[in-house]
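Down below is the structure, laid out as structure tokens.
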Amino acid sequence: TQLSVGEKQPITIARVRGDLYSRPIGAGEDPRYAFAIVQHYDYYNNLAYEFGQQAFGPSFFARYRLSDRLALRLRADALVSILAAVNSDYSFLADVGDRERFREYDYGPGLGAAVEANLTRNGRNLLTLSYRYQWIDVSNGSIFNKEDERGLEGSDAKHQIEAFGLRAVAPVYKRLGLGVDAFYFLRQSEYDAVFLQDQDQRNPEVRAYLSLELGG
């Protein structure tokens, strides 16, 4: 979970991963590789974009001891999204009297993949590199108005999302650290409706913060 100041919501990132099934790969008491079926919950909400999903899929894990203190951990996920959502470009076109039915996002099923590499020191993260790809198939987007003469009954769309991330954390004192994040978000949105223009979105982001390790 990530808390931020100056955003729309105080909670800007929330991620939960739960193993539905897991097993080590290889012999020995401390195997280097593992396989799992994982359930994912992802939530991102900031001033530039919104994204959320519930998904599951296979994951592969690897870890390598580089020295007495340093270790490298790798992770690869394949994602089957039961329901994924992203902020809509055209929600302002909807004319909805009941605001409870108004939504500013497109949602639908999809597929995705993610990879992550973590360099740790004494079990604590020093450097993290990550990449995620997500495809969302929207069959009924945020525009909905049965009485509109244009027939806006949903903006069918295909969204492709890519996210590149780098996180570095330098220990300062005990569990306190100084962190820097560099993040790049890309989205390509293709709309089936002829009156809606396809959109490309690119959002770079850099932030510095204090971090506190909990547990462990």
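Ligands are numbered from 1 in the order shown, residues from 1 within each chain, and chains are lettered A, B, ... in the order they appear in the structure tokens.
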Requested in this report: DSSP on the backbone, then: every residue of chain A marked strand (DSSP E or B), written as a VMD selection string.
Outcome: chain A and resid 2 to 3 11 to 25 33 to 45 50 to 65 70 to 87 105 to 121 124 to 138 157 to 173 176 to 191 199 to 212
Query raised in the report: Which polymer residues have any atom within 7 Å of an atom of Ile25 (chain A), counting only C-alpha atoms, with same-chain residues fewer than 3 positions away left out, as a ChimeraX atom specification?
Result: /A:31,33-35
Requested in this report: Could you tell me which of A:Glu190, A:Asp68, A:Glu29, A:Asp137 comes closest to Arg121 (chain A) if we count only C-alpha atoms?
Outcome: A:Asp68
Query raised in the report: Hey, what's within 10 Å of Val180 (chain A) if we count only C-alpha atoms and toss same-chain stuff fewer than 6 positions away? As a list in words, please?
Result: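 Here the answer would be Leu127, Leu166, Arg167, Ala168, Val169, Ala170, Val206, Arg207, Ala208, Tyr209, Leu210 and Ser211 of chain A.
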Generate the output file for the selected residues, C-alpha atoms, as a short mmCIF file (atom, residue, chain, number, x, y, z; two decimals), in the first residue's frame.
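Once written, again_19.cif looks like this:
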data_model
loop_
_atom_site.label_atom_id
_atom_site.label_comp_id
_atom_site.auth_asym_id
_atom_site.auth_seq_id
_atom_site.Cartn_x
_atom_site.Cartn_y
_atom_site.Cartn_z
CA LEU A 127 16.53 -1.80 -6.05
CA LEU A 166 12.26 1.62 -11.01
CA ARG A 167 12.48 1.92 -7.24
CA ALA A 168 15.66 2.53 -5.22
CA VAL A 169 15.73 2.65 -1.42
CA ALA A 170 18.83 3.61 0.57
CA VAL A 206 9.43 10.71 -10.41
CA ARG A 207 9.06 11.01 -6.66
CA ALA A 208 11.26 10.93 -3.54
CA TYR A 209 10.04 9.83 -0.12
CA LEU A 210 10.87 8.35 3.27
CA SER A 211 10.17 4.64 3.66
#
Query raised in the report: Using only C-alpha atoms, which of the listed residues (A:Ser189, A:Ser139, A:Thr12, A:Asn125) sits closest to Val86 (chain A)?
Result: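 Comparing A:Ser189, A:Ser139, A:Thr12, A:Asn125 against Val86 (chain A), the winner is A:Ser189.
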Query - For Tyr133 (chain A): contacts at 6 Å, only C-alpha atoms, fewer than 2 positions along chain excluded, given as a list in words - result: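 Counting only the stated atoms, we get Gly112, Ala113, Ile161 and Glu162 of chain A.
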Restricted to C-alpha atoms, what would the selected residues look like written as a tab-separated table (two decimals), in the first residue's frame?
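Just written: out02.tsv:
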chain	number	residue	atom	x	y	z
A	112	GLY	CA	-1.68	-9.38	-18.99
A	113	ALA	CA	1.85	-10.20	-17.91
A	161	ILE	CA	-1.51	-0.52	-20.85
A	162	GLU	CA	2.22	-0.64	-20.23
Query raised in the report: Asp42 (chain A): which residues within 6 Å, counting only C-alpha atoms, same-chain residues fewer than 6 positions away excluded, as an MDAnalysis selection string?
Result: chainID A and resid 15 52:53
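Across the structure, CA of Asn203 (chain A) and CA of Asn45 (chain A) are spaced 13.2 Å apart.
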**Report entry** One-decimal distance in Å that lies between CA of Gly110 (chain A) and CA of Ile82 (chain A)
**Finding:**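 Here the two named atoms are 7.0 Å from each other.
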His40 (chain A) surroundings by only C-alpha atoms, 12 Å radius, close-in-sequence under 6 positions cut, as a PDB file with N, CA and C atoms, in the first residue's frame:
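Written output follows (out.pdb):
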ATOM      1  N   ALA A  14      -2.582   0.157  -4.024  1.00  0.00           N
ATOM      2  CA  ALA A  14      -2.879  -0.962  -3.122  1.00  0.00           C
ATOM      3  C   ALA A  14      -2.763  -2.251  -3.925  1.00  0.00           C
ATOM      4  N   ARG A  15      -1.958  -3.186  -3.439  1.00  0.00           N
ATOM      5  CA  ARG A  15      -1.763  -4.452  -4.145  1.00  0.00           C
ATOM      6  C   ARG A  15      -1.814  -5.594  -3.138  1.00  0.00           C
ATOM      7  N   VAL A  16      -2.576  -6.619  -3.507  1.00  0.00           N
ATOM      8  CA  VAL A  16      -2.693  -7.814  -2.665  1.00  0.00           C
ATOM      9  C   VAL A  16      -2.462  -9.027  -3.553  1.00  0.00           C
ATOM     10  N   ARG A  17      -1.617  -9.935  -3.108  1.00  0.00           N
ATOM     11  CA  ARG A  17      -1.349 -11.180  -3.834  1.00  0.00           C
ATOM     12  C   ARG A  17      -1.529 -12.339  -2.874  1.00  0.00           C
ATOM     13  N   GLY A  18      -2.289 -13.316  -3.302  1.00  0.00           N
ATOM     14  CA  GLY A  18      -2.532 -14.489  -2.473  1.00  0.00           C
ATOM     15  C   GLY A  18      -2.278 -15.761  -3.251  1.00  0.00           C
ATOM     16  N   ASP A  19      -1.487 -16.665  -2.693  1.00  0.00           N
ATOM     17  CA  ASP A  19      -1.194 -17.929  -3.358  1.00  0.00           C
ATOM     18  C   ASP A  19      -2.363 -18.896  -3.203  1.00  0.00           C
ATOM     19  N   LEU A  20      -2.921 -19.324  -4.333  1.00  0.00           N
ATOM     20  CA  LEU A  20      -3.950 -20.357  -4.315  1.00  0.00           C
ATOM     21  C   LEU A  20      -3.325 -21.748  -4.300  1.00  0.00           C
ATOM     22  N   GLY A  52      -7.465  -0.592 -12.051  1.00  0.00           N
ATOM     23  CA  GLY A  52      -7.713  -1.596 -11.024  1.00  0.00           C
ATOM     24  C   GLY A  52      -8.092  -2.913 -11.677  1.00  0.00           C
ATOM     25  N   GLN A  53      -7.878  -4.014 -10.977  1.00  0.00           N
ATOM     26  CA  GLN A  53      -8.242  -5.303 -11.541  1.00  0.00           C
ATOM     27  C   GLN A  53      -8.284  -6.378 -10.456  1.00  0.00           C
ATOM     28  N   GLN A  54      -9.051  -7.411 -10.750  1.00  0.00           N
ATOM     29  CA  GLN A  54      -9.017  -8.670 -10.019  1.00  0.00           C
ATOM     30  C   GLN A  54      -8.626  -9.738 -11.032  1.00  0.00           C
ATOM     31  N   ALA A  55      -7.561 -10.483 -10.737  1.00  0.00           N
ATOM     32  CA  ALA A  55      -7.019 -11.417 -11.713  1.00  0.00           C
ATOM     33  C   ALA A  55      -6.427 -12.631 -11.007  1.00  0.00           C
ATOM     34  N   PHE A  56      -6.103 -13.627 -11.801  1.00  0.00           N
ATOM     35  CA  PHE A  56      -5.382 -14.790 -11.291  1.00  0.00           C
ATOM     36  C   PHE A  56      -4.516 -15.332 -12.421  1.00  0.00           C
ATOM     37  N   GLY A  57      -3.561 -16.188 -12.060  1.00  0.00           N
ATOM     38  CA  GLY A  57      -2.705 -16.771 -13.082  1.00  0.00           C
ATOM     39  C   GLY A  57      -1.467 -17.401 -12.487  1.00  0.00           C
ATOM     40  N   PRO A  58      -0.662 -18.051 -13.328  1.00  0.00           N
ATOM     41  CA  PRO A  58       0.551 -18.704 -12.861  1.00  0.00           C
ATOM     42  C   PRO A  58       1.677 -17.700 -12.625  1.00  0.00           C
ATOM     43  N   SER A  59       2.536 -18.021 -11.666  1.00  0.00           N
ATOM     44  CA  SER A  59       3.701 -17.198 -11.354  1.00  0.00           C
ATOM     45  C   SER A  59       4.927 -18.093 -11.199  1.00  0.00           C
ATOM     46  N   ASP A  77       4.789 -13.138 -13.896  1.00  0.00           N
ATOM     47  CA  ASP A  77       3.366 -13.448 -13.726  1.00  0.00           C
ATOM     48  C   ASP A  77       2.657 -13.404 -15.066  1.00  0.00           C
ATOM     49  N   ALA A  78       1.773 -14.354 -15.295  1.00  0.00           N
ATOM     50  CA  ALA A  78       0.800 -14.291 -16.384  1.00  0.00           C
ATOM     51  C   ALA A  78      -0.560 -14.020 -15.754  1.00  0.00           C
ATOM     52  N   LEU A  79      -1.319 -13.081 -16.317  1.00  0.00           N
ATOM     53  CA  LEU A  79      -2.535 -12.591 -15.671  1.00  0.00           C
ATOM     54  C   LEU A  79      -3.762 -12.825 -16.546  1.00  0.00           C
ATOM     55  N   VAL A  80      -4.777 -13.418 -15.961  1.00  0.00           N
ATOM     56  CA  VAL A  80      -6.098 -13.514 -16.576  1.00  0.00           C
ATOM     57  C   VAL A  80      -7.021 -12.627 -15.744  1.00  0.00           C
ATOM     58  N   SER A  81      -7.427 -11.509 -16.302  1.00  0.00           N
ATOM     59  CA  SER A  81      -8.228 -10.537 -15.560  1.00  0.00           C
ATOM     60  C   SER A  81      -9.704 -10.902 -15.637  1.00  0.00           C
ATOM     61  N   ILE A  82     -10.292 -11.193 -14.499  1.00  0.00           N
ATOM     62  CA  ILE A  82     -11.731 -11.410 -14.436  1.00  0.00           C
ATOM     63  C   ILE A  82     -12.449 -10.092 -14.721  1.00  0.00           C
ATOM     64  N   LEU A  83     -11.954  -9.022 -14.127  1.00  0.00           N
ATOM     65  CA  LEU A  83     -12.507  -7.693 -14.348  1.00  0.00           C
ATOM     66  C   LEU A  83     -11.389  -6.685 -14.136  1.00  0.00           C
ATOM     67  N   ALA A  84     -11.132  -5.877 -15.159  1.00  0.00           N
ATOM     68  CA  ALA A  84     -10.134  -4.816 -15.076  1.00  0.00           C
ATOM     69  C   ALA A  84     -10.784  -3.505 -15.487  1.00  0.00           C
ATOM     70  N   GLY A 112      -2.852 -10.195 -19.282  1.00  0.00           N
ATOM     71  CA  GLY A 112      -1.685  -9.383 -18.986  1.00  0.00           C
ATOM     72  C   GLY A 112      -0.495 -10.225 -18.580  1.00  0.00           C
ATOM     73  N   ALA A 113       0.617  -9.551 -18.358  1.00  0.00           N
ATOM     74  CA  ALA A 113       1.846 -10.201 -17.914  1.00  0.00           C
ATOM     75  C   ALA A 113       2.670  -9.180 -17.147  1.00  0.00           C
ATOM     76  N   ALA A 114       3.502  -9.666 -16.232  1.00  0.00           N
ATOM     77  CA  ALA A 114       4.338  -8.773 -15.439  1.00  0.00           C
ATOM     78  C   ALA A 114       5.629  -9.482 -15.068  1.00  0.00           C
TER      79      ALA A 114
END
Requested in this report: Please identify all polymer residues within 12 Å of Asp198 (chain A), counting only C-alpha atoms, omitting same-chain residues fewer than 6 positions from it, and present them as a VMD selection string.
Outcome: chain A and resid 88 to 90 155 to 160 187 to 192
